[in-house]
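Text of the file my_file.txt, holding compact mmCIF, C-alpha atoms:
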# COMPACT_ATOMS: atom_id res chain seq x y z
CA MET A 1 -15.43 5.32 12.35
CA LEU A 2 -12.96 6.75 9.86
CA HIS A 3 -14.18 7.89 6.47
CA VAL A 4 -12.68 10.17 3.83
CA PRO A 5 -15.07 12.96 2.79
CA ARG A 6 -14.17 14.60 -0.50
CA PHE A 7 -14.36 18.33 -1.21
CA ILE A 8 -13.74 19.97 -4.59
CA THR A 9 -13.44 23.74 -4.47
CA GLY A 10 -13.91 25.55 -7.76
CA ASN A 11 -13.69 24.10 -11.25
CA PHE A 12 -10.65 21.88 -10.72
CA LYS A 13 -9.18 20.25 -13.82
CA PRO A 14 -6.33 17.74 -13.46
CA HIS A 15 -3.21 18.15 -15.56
CA HIS A 16 -1.56 14.74 -15.39
CA LEU A 17 2.00 14.39 -16.57
CA PHE A 18 4.81 11.87 -16.36
CA LEU A 19 7.97 12.79 -14.47
CA GLU A 20 11.27 11.29 -15.50
CA ASP A 21 13.24 9.67 -12.68
CA VAL A 22 15.47 12.70 -12.06
CA GLU A 23 12.48 15.04 -11.75
CA TYR A 24 10.50 12.51 -9.74
CA GLY A 25 13.42 12.06 -7.33
CA ARG A 26 13.54 15.81 -6.75
CA ALA A 27 9.79 15.81 -6.15
CA LEU A 28 10.15 13.03 -3.58
CA ASP A 29 12.67 15.16 -1.69
CA ALA A 30 10.14 17.99 -1.42
CA LEU A 31 6.72 16.34 -1.17
CA VAL A 32 4.77 13.74 0.78
CA LYS A 33 2.96 11.37 -1.60
CA ALA A 34 -0.71 10.50 -1.27
CA VAL A 35 -1.12 6.78 -1.90
CA SER A 36 -4.07 4.39 -1.98
CA ASP A 37 -3.33 0.91 -0.69
CA VAL A 38 -5.68 -2.07 -0.58
CA LEU A 39 -5.91 -4.76 2.08
CA ILE A 40 -7.50 -7.68 0.22
CA THR A 41 -9.25 -10.40 2.20
CA SER A 42 -11.29 -13.51 1.52
CA PRO A 43 -15.07 -13.22 2.05
CA ASP A 44 -14.84 -14.66 5.58
CA GLY A 45 -11.92 -12.39 6.48
CA SER A 46 -9.67 -15.26 7.53
CA ARG A 47 -7.17 -14.87 4.67
CA VAL A 48 -5.23 -11.89 3.32
CA PHE A 49 -3.85 -11.55 -0.23
CA LEU A 50 -0.43 -9.89 -0.45
CA GLY A 51 2.12 -9.28 -3.17
CA LYS A 52 5.89 -9.50 -2.72
CA ARG A 53 7.23 -6.26 -4.13
CA LYS A 54 10.45 -6.24 -6.12
CA VAL A 55 11.67 -2.73 -5.36
CA HIS A 56 12.05 -0.15 -2.62
CA PRO A 57 10.64 1.38 -0.58
CA GLN A 58 9.16 -1.95 0.57
CA PRO A 59 10.79 -4.97 -1.10
CA ASP A 60 8.71 -7.50 0.81
CA TRP A 61 5.11 -8.68 1.26
CA TRP A 62 2.83 -5.67 0.96
CA TYR A 63 -0.54 -4.31 -0.06
CA MET A 64 -1.58 -3.81 -3.63
CA GLY A 65 -1.50 -0.08 -4.10
CA GLY A 66 0.15 3.00 -5.47
CA ARG A 67 0.23 6.76 -5.82
CA ALA A 68 -3.00 8.71 -6.23
CA LYS A 69 -3.33 11.23 -9.05
CA PRO A 70 -4.65 14.79 -8.67
CA GLY A 71 -8.44 14.84 -8.93
CA GLU A 72 -8.93 11.21 -7.87
CA SER A 73 -10.66 10.21 -4.68
CA PRO A 74 -8.74 7.63 -2.64
CA GLN A 75 -11.28 5.00 -3.74
CA GLN A 76 -10.93 5.95 -7.42
CA ALA A 77 -7.16 5.69 -7.09
CA ALA A 78 -7.53 2.26 -5.46
CA ALA A 79 -9.76 1.05 -8.31
CA ARG A 80 -7.27 2.29 -10.93
CA VAL A 81 -4.38 0.60 -9.13
CA MET A 82 -6.32 -2.70 -9.05
CA ARG A 83 -6.75 -2.48 -12.83
CA ARG A 84 -3.03 -1.96 -13.25
CA GLU A 85 -1.68 -4.44 -10.71
CA LEU A 86 -4.27 -7.24 -10.72
CA CYS A 87 -6.16 -6.70 -14.01
CA LEU A 88 -9.43 -6.39 -12.09
CA GLN A 89 -12.14 -3.97 -13.18
CA LEU A 90 -13.87 -2.99 -9.94
CA PRO A 91 -16.04 0.03 -9.09
CA ALA A 92 -14.66 2.54 -6.61
CA THR A 93 -17.58 1.78 -4.28
CA ARG A 94 -16.05 -1.64 -3.54
CA PHE A 95 -13.18 -0.05 -1.60
CA GLU A 96 -13.96 0.72 2.03
CA VAL A 97 -11.59 2.97 3.98
CA ILE A 98 -9.87 1.34 6.95
CA GLY A 99 -7.58 4.15 8.02
CA SER A 100 -4.97 6.75 7.16
CA TYR A 101 -1.32 5.99 7.91
CA SER A 102 1.86 8.07 7.93
CA MET A 103 4.81 6.17 6.46
CA THR A 104 8.42 7.27 6.09
CA TRP A 105 10.96 5.10 4.29
CA ALA A 106 14.77 5.29 4.42
CA MET A 107 15.21 3.96 0.87
CA ARG A 108 13.52 4.47 -2.49
CA GLU A 109 14.05 3.23 -6.04
CA GLN A 110 14.83 6.63 -7.60
CA ALA A 111 18.29 8.18 -7.19
CA PRO A 112 19.58 9.16 -4.77
CA ALA A 113 18.06 6.02 -3.22
CA GLU A 114 19.24 6.83 0.31
CA HIS A 115 17.10 10.00 0.38
CA GLY A 116 14.06 7.81 0.97
CA THR A 117 10.46 8.88 0.62
CA ALA A 118 7.36 9.71 2.68
CA ASP A 119 3.73 8.72 2.16
CA ILE A 120 0.30 9.36 3.58
CA SER A 121 -1.54 6.14 2.79
CA THR A 122 -5.30 5.68 2.75
CA VAL A 123 -5.71 1.94 3.23
CA HIS A 124 -8.88 0.34 1.91
CA HIS A 125 -10.53 -3.02 2.48
CA LEU A 126 -11.53 -5.11 -0.52
CA VAL A 127 -13.31 -8.45 -0.24
CA LEU A 128 -12.15 -10.57 -3.16
CA GLN A 129 -14.78 -12.97 -4.47
CA PRO A 130 -13.77 -16.44 -5.81
CA GLU A 131 -14.54 -15.54 -9.43
CA GLU A 132 -12.43 -12.39 -9.10
CA GLU A 133 -9.56 -14.34 -7.56
CA ALA A 134 -9.58 -16.66 -10.58
CA ALA A 135 -9.23 -13.63 -12.90
CA VAL A 136 -6.25 -12.07 -11.10
CA LYS A 137 -3.16 -11.41 -13.23
CA ILE A 138 -0.47 -9.85 -11.12
CA ASP A 139 1.78 -7.08 -12.48
CA GLU A 140 5.12 -8.90 -12.77
CA LYS A 141 6.99 -5.61 -13.08
CA GLU A 142 5.98 -4.68 -9.54
CA TYR A 143 5.64 -8.02 -7.76
CA ALA A 144 7.79 -11.15 -7.71
CA GLU A 145 4.89 -13.27 -6.48
CA SER A 146 1.57 -13.17 -4.66
CA GLN A 147 0.12 -15.35 -1.94
CA TRP A 148 -2.74 -15.80 0.50
CA PHE A 149 -1.80 -15.66 4.19
CA GLY A 150 -3.88 -16.45 7.24
CA ARG A 151 -4.88 -13.38 9.26
CA ASP A 152 -3.18 -14.72 12.39
CA GLU A 153 -0.13 -15.69 10.34
CA ILE A 154 0.38 -12.01 9.56
CA LEU A 155 -0.40 -10.76 13.05
CA LEU A 156 2.07 -13.18 14.63
CA GLY A 157 4.68 -13.40 11.87
CA GLN A 158 7.46 -11.38 10.27
CA PHE A 159 5.43 -8.80 8.35
CA HIS A 160 5.56 -5.02 8.34
CA PRO A 161 3.80 -3.59 11.43
CA ILE A 162 1.57 -1.42 9.24
CA LEU A 163 -0.05 -4.56 7.82
CA LYS A 164 -0.73 -5.75 11.35
CA GLN A 165 -2.13 -2.37 12.37
CA ALA A 166 -4.48 -2.30 9.39
CA LEU A 167 -5.79 -5.75 10.31
CA ARG A 168 -6.46 -4.62 13.89
CA ASP A 169 -8.16 -1.47 12.63
CA LEU A 170 -10.28 -3.51 10.22
CA GLN A 171 -11.38 -5.78 13.07
CA ALA A 172 -12.46 -2.77 15.15
CA LYS A 173 -14.40 -1.36 12.22
CA THR A 174 -16.06 -4.73 11.57
CA MET A 175 -17.15 -5.00 15.21
CA TYR A 176 -18.51 -1.45 15.14
CA ARG A 177 -20.56 -2.25 12.05
CA MET A 178 -21.99 -5.37 13.71
CA LEU A 179 -22.89 -3.32 16.79
CA GLN A 180 -24.49 -0.62 14.64
CA GLN A 181 -26.55 -3.20 12.76
CA ALA A 182 -27.75 -4.81 15.99
CA VAL A 183 -28.91 -1.43 17.33
CA GLN A 184 -30.69 -0.58 14.08
CA GLU A 185 -32.46 -3.94 14.06
CA GLN A 186 -33.42 -3.51 17.72
CA ALA A 187 -31.69 -6.68 18.80
CA LYS A 188 -31.99 -7.96 22.36
CA ASP A 189 -30.16 -5.90 24.98
CA SER A 190 -28.01 -8.89 25.87
CA GLU A 191 -26.83 -9.19 22.25
CA VAL A 192 -26.14 -5.47 21.97
CA SER A 193 -24.24 -5.56 25.25
CA GLN A 194 -22.04 -8.43 24.09
CA LEU A 195 -21.32 -6.75 20.76
CA ALA A 196 -20.49 -3.50 22.57
CA ARG A 197 -17.96 -5.35 24.74
CA SER A 198 -16.46 -6.99 21.66
CA PHE A 199 -16.20 -3.65 19.89
CA VAL A 200 -14.50 -1.99 22.87
CA ALA A 201 -12.01 -4.87 23.09
CA ALA A 202 -11.23 -4.61 19.35
CA ALA A 203 -10.91 -0.81 19.57
CA GLN A 204 -8.53 -1.08 22.53
CA GLU A 205 -6.38 -3.55 20.60
CA SER A 206 -6.45 -1.22 17.59
CA MET A 207 -5.23 1.73 19.69
CA ALA A 208 -2.82 -0.23 21.89
CA LEU A 209 0.26 1.40 20.37
CA ASP A 210 -1.05 4.96 20.27
CA ASP A 211 0.61 6.05 23.52
CA LYS A 212 4.01 4.56 22.69
CA GLY A 213 5.05 7.27 20.24
CA VAL A 214 6.46 6.90 16.74
CA MET A 215 7.26 3.32 15.74
CA GLN A 216 10.75 2.86 14.34
CA VAL A 217 10.86 -0.14 11.99
CA ASP A 218 14.16 -1.74 10.99
CA PHE A 219 13.98 -4.33 8.23
CA ASP A 220 16.70 -6.82 7.31
CA GLU A 221 16.03 -7.72 3.67
CA GLU A 222 18.18 -10.83 3.71
CA SER A 223 16.58 -12.47 6.75
CA ARG A 224 13.15 -10.81 6.32
CA ASN A 225 13.28 -9.81 9.95
CA TYR A 226 11.43 -6.79 11.35
CA ALA A 227 12.62 -5.13 14.56
CA ILE A 228 10.61 -2.33 16.15
CA SER A 229 11.23 0.33 18.77
CA PHE A 230 9.50 3.56 19.75
CA LYS A 231 10.53 7.21 19.67
CA ASP A 232 9.13 10.29 21.37
CA GLU A 233 6.77 11.83 18.84
CA ALA A 234 7.91 15.43 19.24
CA LYS A 235 11.59 14.46 18.85
CA ALA A 236 10.82 12.27 15.84
CA CYS A 237 9.20 15.30 14.17
CA GLY A 238 12.36 17.36 14.67
CA TYR A 239 11.02 19.63 17.40
CA LYS A 240 12.97 20.20 20.62
CA SER A 241 12.56 21.74 24.07
CA GLY A 242 9.65 21.59 26.49
CA CYS A 243 6.57 20.03 24.85
CA LEU A 244 3.52 19.20 26.89
CA VAL A 245 1.56 16.33 25.34
CA LEU A 246 -2.14 16.03 26.14
CA GLN A 247 -4.51 13.19 25.32
CA ASP A 248 -7.97 14.16 24.05
CA LEU A 249 -10.26 11.48 22.62
CA GLY A 250 -7.39 9.67 20.97
CA ARG A 251 -5.88 12.81 19.38
CA ARG A 252 -2.50 14.04 20.59
CA VAL A 253 -2.20 17.76 20.90
CA SER A 254 1.26 19.08 21.65
CA ILE A 255 1.27 22.57 23.12
CA ALA A 256 4.65 24.05 22.34
CA LEU A 257 5.95 26.34 25.05
CA GLU A 258 9.28 27.14 23.43
CA LEU A 259 9.92 25.06 20.37
CA SER A 260 12.78 25.24 17.97
CA ALA A 261 12.99 23.67 14.55
CA SER A 262 16.19 23.69 12.53
CA GLY A 263 17.72 25.95 15.18
CA ARG A 264 15.06 28.68 14.94
CA LYS A 265 12.59 29.73 17.64
CA LEU A 266 8.96 29.25 16.77
CA GLY A 267 7.70 31.39 19.62
CA THR A 268 5.22 30.63 22.40
CA GLY A 269 1.68 29.36 22.46
CA CYS A 270 1.92 27.39 19.22
CA LEU A 271 -0.45 24.46 18.77
CA PHE A 272 0.68 21.30 16.98
CA PHE A 273 -1.65 18.43 16.05
CA LEU A 274 0.48 15.32 15.94
CA SER A 275 -2.04 12.54 15.43
Just dump the structure as structure tokens.
Amino acid sequence: MLHVPRFITGNFKPHHLFLEDVEYGRALDALVKAVSDVLITSPDGSRVFLGKRKVHPQPDWWYMGGRAKPGESPQQAAARVMRRELCLQLPATRFEVIGSYSMTWAMREQAPAEHGTADISTVHHLVLQPEEEAAVKIDEKEYAESQWFGRDEILLGQFHPILKQALRDLQAKTMYRMLQQAVQEQAKDSEVSQLARSFVAAAQESMALDDKGVMQVDFDEESRNYAISFKDEAKACGYKSGCLVLQDLGRRVSIALELSASGRKLGTGCLFFLS
């Protein structure tokens, strides 16, 4: 299952600085942000804690999370964000990686707002204990309110599809862990077989959208309504002309025969990893 190994090459030293909005807006036009988001659940996994964000790019119910800083691991960034947004002091080891998600937004808070922004989000799972829930103090600058939702309420309701995908991915990971534990404890074959079937079913549900292409999400802020459609992945990336898409263990490899980007030929035999 997905994990995020960390590699530090050389004697790296971070040089953190604060960018004013004008500079930050220019950076957003040129860079993809690395963010650490946190899917918070109750101990039994039946409830999910979300915050209703006040500003773009996602002015609706969302994870707790934010931008990672150079030198931080995704888990360290998640722990720092929890201190800032919920006033919780938690060790980085509490944050378990669920998955990595590519997110592109049409709007952002910094001018020019219509330029939007793009993120690569590492989403983590955090089980919030009752005593920690009692200590939560939400950052009112970022969130209008916070609330617990039932897992099925999110899966079936008007919430961003990424939240739903993370819940499906978490279920697959949970079933894999249960299967792994049963094998390690040398459980009965019948039990292992049942858990294996449950894991395969959860994994299939988790990957159900993989073959549909890029999901286009349209959000009406006033009605809180999400509408989704799907685009061809190669076209959504800005590449045109004759792509052959192959499926290999869940990874899409597009072999470009004659691709053009921004009107320029890229040549033949190029290999593009699009997953």
Next item on the list: Find, counting only C-alpha atoms, the residue in A:Ile120, A:Val127, A:Leu2, A:Leu50 that gets nearest to Val32 (chain A).
Entry: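 Of A:Ile120, A:Val127, A:Leu2, A:Leu50, the one nearest Val32 (chain A) is A:Ile120, counting only C-alpha atoms.
Of the residues under consideration (A:Asn11, A:Ser36, A:Ser121, A:Ser223), A:Ser223 shows the shortest atom-to-atom contact distance to Gln158 (chain A) when counting only C-alpha atoms.
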Next item on the list: Can you work out which one of A:Asn225, A:Ser102, A:Thr174, A:Gln216 has the shortest atom-to-atom distance to Ala196 (chain A), counting only C-alpha atoms?
Entry: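 Ranking A:Asn225, A:Ser102, A:Thr174, A:Gln216 by distance to Ala196 (chain A), first place goes to A:Thr174.
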Next item on the list: Counting all atoms listed in the file, figure out which residue out of A:Leu163, A:His125, A:Gly116, A:Ala106 gets nearest to Arg94 (chain A).
Entry: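 Of A:Leu163, A:His125, A:Gly116, A:Ala106, the one nearest Arg94 (chain A), counting all atoms listed in the file, is A:His125.
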Next item on the list: Work out how far CA of Gly25 (chain A) is from CA of His160 (chain A), in Å to one decimal.
Entry: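 Those two atoms sit 24.5 Å apart.
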Checklist line | Selection: 8 Å around Ala202 (chain A), all atoms listed in the file, excl. self and same-chain fewer than 6 positions, as a PyMOL selection string | finding: chain A and resi 168+171-172+175
Checklist line | Nearby residues (all atoms listed in the file) at most 12 Å from Val81 (chain A), same-chain spacing under 5 positions excluded, as a list in words | finding: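 In the requested form, the answer reads Val35, Ser36, Asp37, Val38, Tyr63, Met64, Gly65, Gly66, Arg67, Ala68, Lys69, Glu72, Pro74, Gln75, Gln76, Leu86, Cys87, Leu88, Gln89, Leu90, Pro91, Ala92, Phe95, His124, Ile138, Asp139 and Glu142 of chain A.
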Take the residues from that selection and write them out as a PDB file, keeping the file's coordinate frame, keeping C-alpha atoms.
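Okay, this is what ended up in selection.pdb:
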ATOM      1  CA  VAL A  35      -1.120   6.780  -1.900  1.00  0.00           C
ATOM      2  CA  SER A  36      -4.070   4.390  -1.980  1.00  0.00           C
ATOM      3  CA  ASP A  37      -3.330   0.910  -0.690  1.00  0.00           C
ATOM      4  CA  VAL A  38      -5.680  -2.070  -0.580  1.00  0.00           C
ATOM      5  CA  TYR A  63      -0.540  -4.310  -0.060  1.00  0.00           C
ATOM      6  CA  MET A  64      -1.580  -3.810  -3.630  1.00  0.00           C
ATOM      7  CA  GLY A  65      -1.500  -0.080  -4.100  1.00  0.00           C
ATOM      8  CA  GLY A  66       0.150   3.000  -5.470  1.00  0.00           C
ATOM      9  CA  ARG A  67       0.230   6.760  -5.820  1.00  0.00           C
ATOM     10  CA  ALA A  68      -3.000   8.710  -6.230  1.00  0.00           C
ATOM     11  CA  LYS A  69      -3.330  11.230  -9.050  1.00  0.00           C
ATOM     12  CA  GLU A  72      -8.930  11.210  -7.870  1.00  0.00           C
ATOM     13  CA  PRO A  74      -8.740   7.630  -2.640  1.00  0.00           C
ATOM     14  CA  GLN A  75     -11.280   5.000  -3.740  1.00  0.00           C
ATOM     15  CA  GLN A  76     -10.930   5.950  -7.420  1.00  0.00           C
ATOM     16  CA  LEU A  86      -4.270  -7.240 -10.720  1.00  0.00           C
ATOM     17  CA  CYS A  87      -6.160  -6.700 -14.010  1.00  0.00           C
ATOM     18  CA  LEU A  88      -9.430  -6.390 -12.090  1.00  0.00           C
ATOM     19  CA  GLN A  89     -12.140  -3.970 -13.180  1.00  0.00           C
ATOM     20  CA  LEU A  90     -13.870  -2.990  -9.940  1.00  0.00           C
ATOM     21  CA  PRO A  91     -16.040   0.030  -9.090  1.00  0.00           C
ATOM     22  CA  ALA A  92     -14.660   2.540  -6.610  1.00  0.00           C
ATOM     23  CA  PHE A  95     -13.180  -0.050  -1.600  1.00  0.00           C
ATOM     24  CA  HIS A 124      -8.880   0.340   1.910  1.00  0.00           C
ATOM     25  CA  ILE A 138      -0.470  -9.850 -11.120  1.00  0.00           C
ATOM     26  CA  ASP A 139       1.780  -7.080 -12.480  1.00  0.00           C
ATOM     27  CA  GLU A 142       5.980  -4.680  -9.540  1.00  0.00           C
TER      28      GLU A 142
END
Note to self: Quick check, in Å to one decimal: how far apart do CA of Ala203 (chain A) and CA of Tyr176 (chain A) lie?
What the structure shows: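 Value for the CA of Ala203 (chain A)-CA of Tyr176 (chain A) distance: 8.8 Å.
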Item checked: Computed interatomic separation between CA of His16 (chain A) and CA of Asp119 (chain A) (Å) -> 19.3 Å
Checklist line | For Val200 (chain A), the nearest of the candidates A:Ala187, A:Val4, A:Leu17, A:Leu179, counting all atoms listed in the file | finding: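 The answer is A:Leu179, which sits nearest to Val200 (chain A).
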Checklist line | For Pro57 (chain A), the nearest of the candidates A:Arg80, A:Lys212, A:His3, A:His115, counting all atoms listed in the file | finding: A:His115
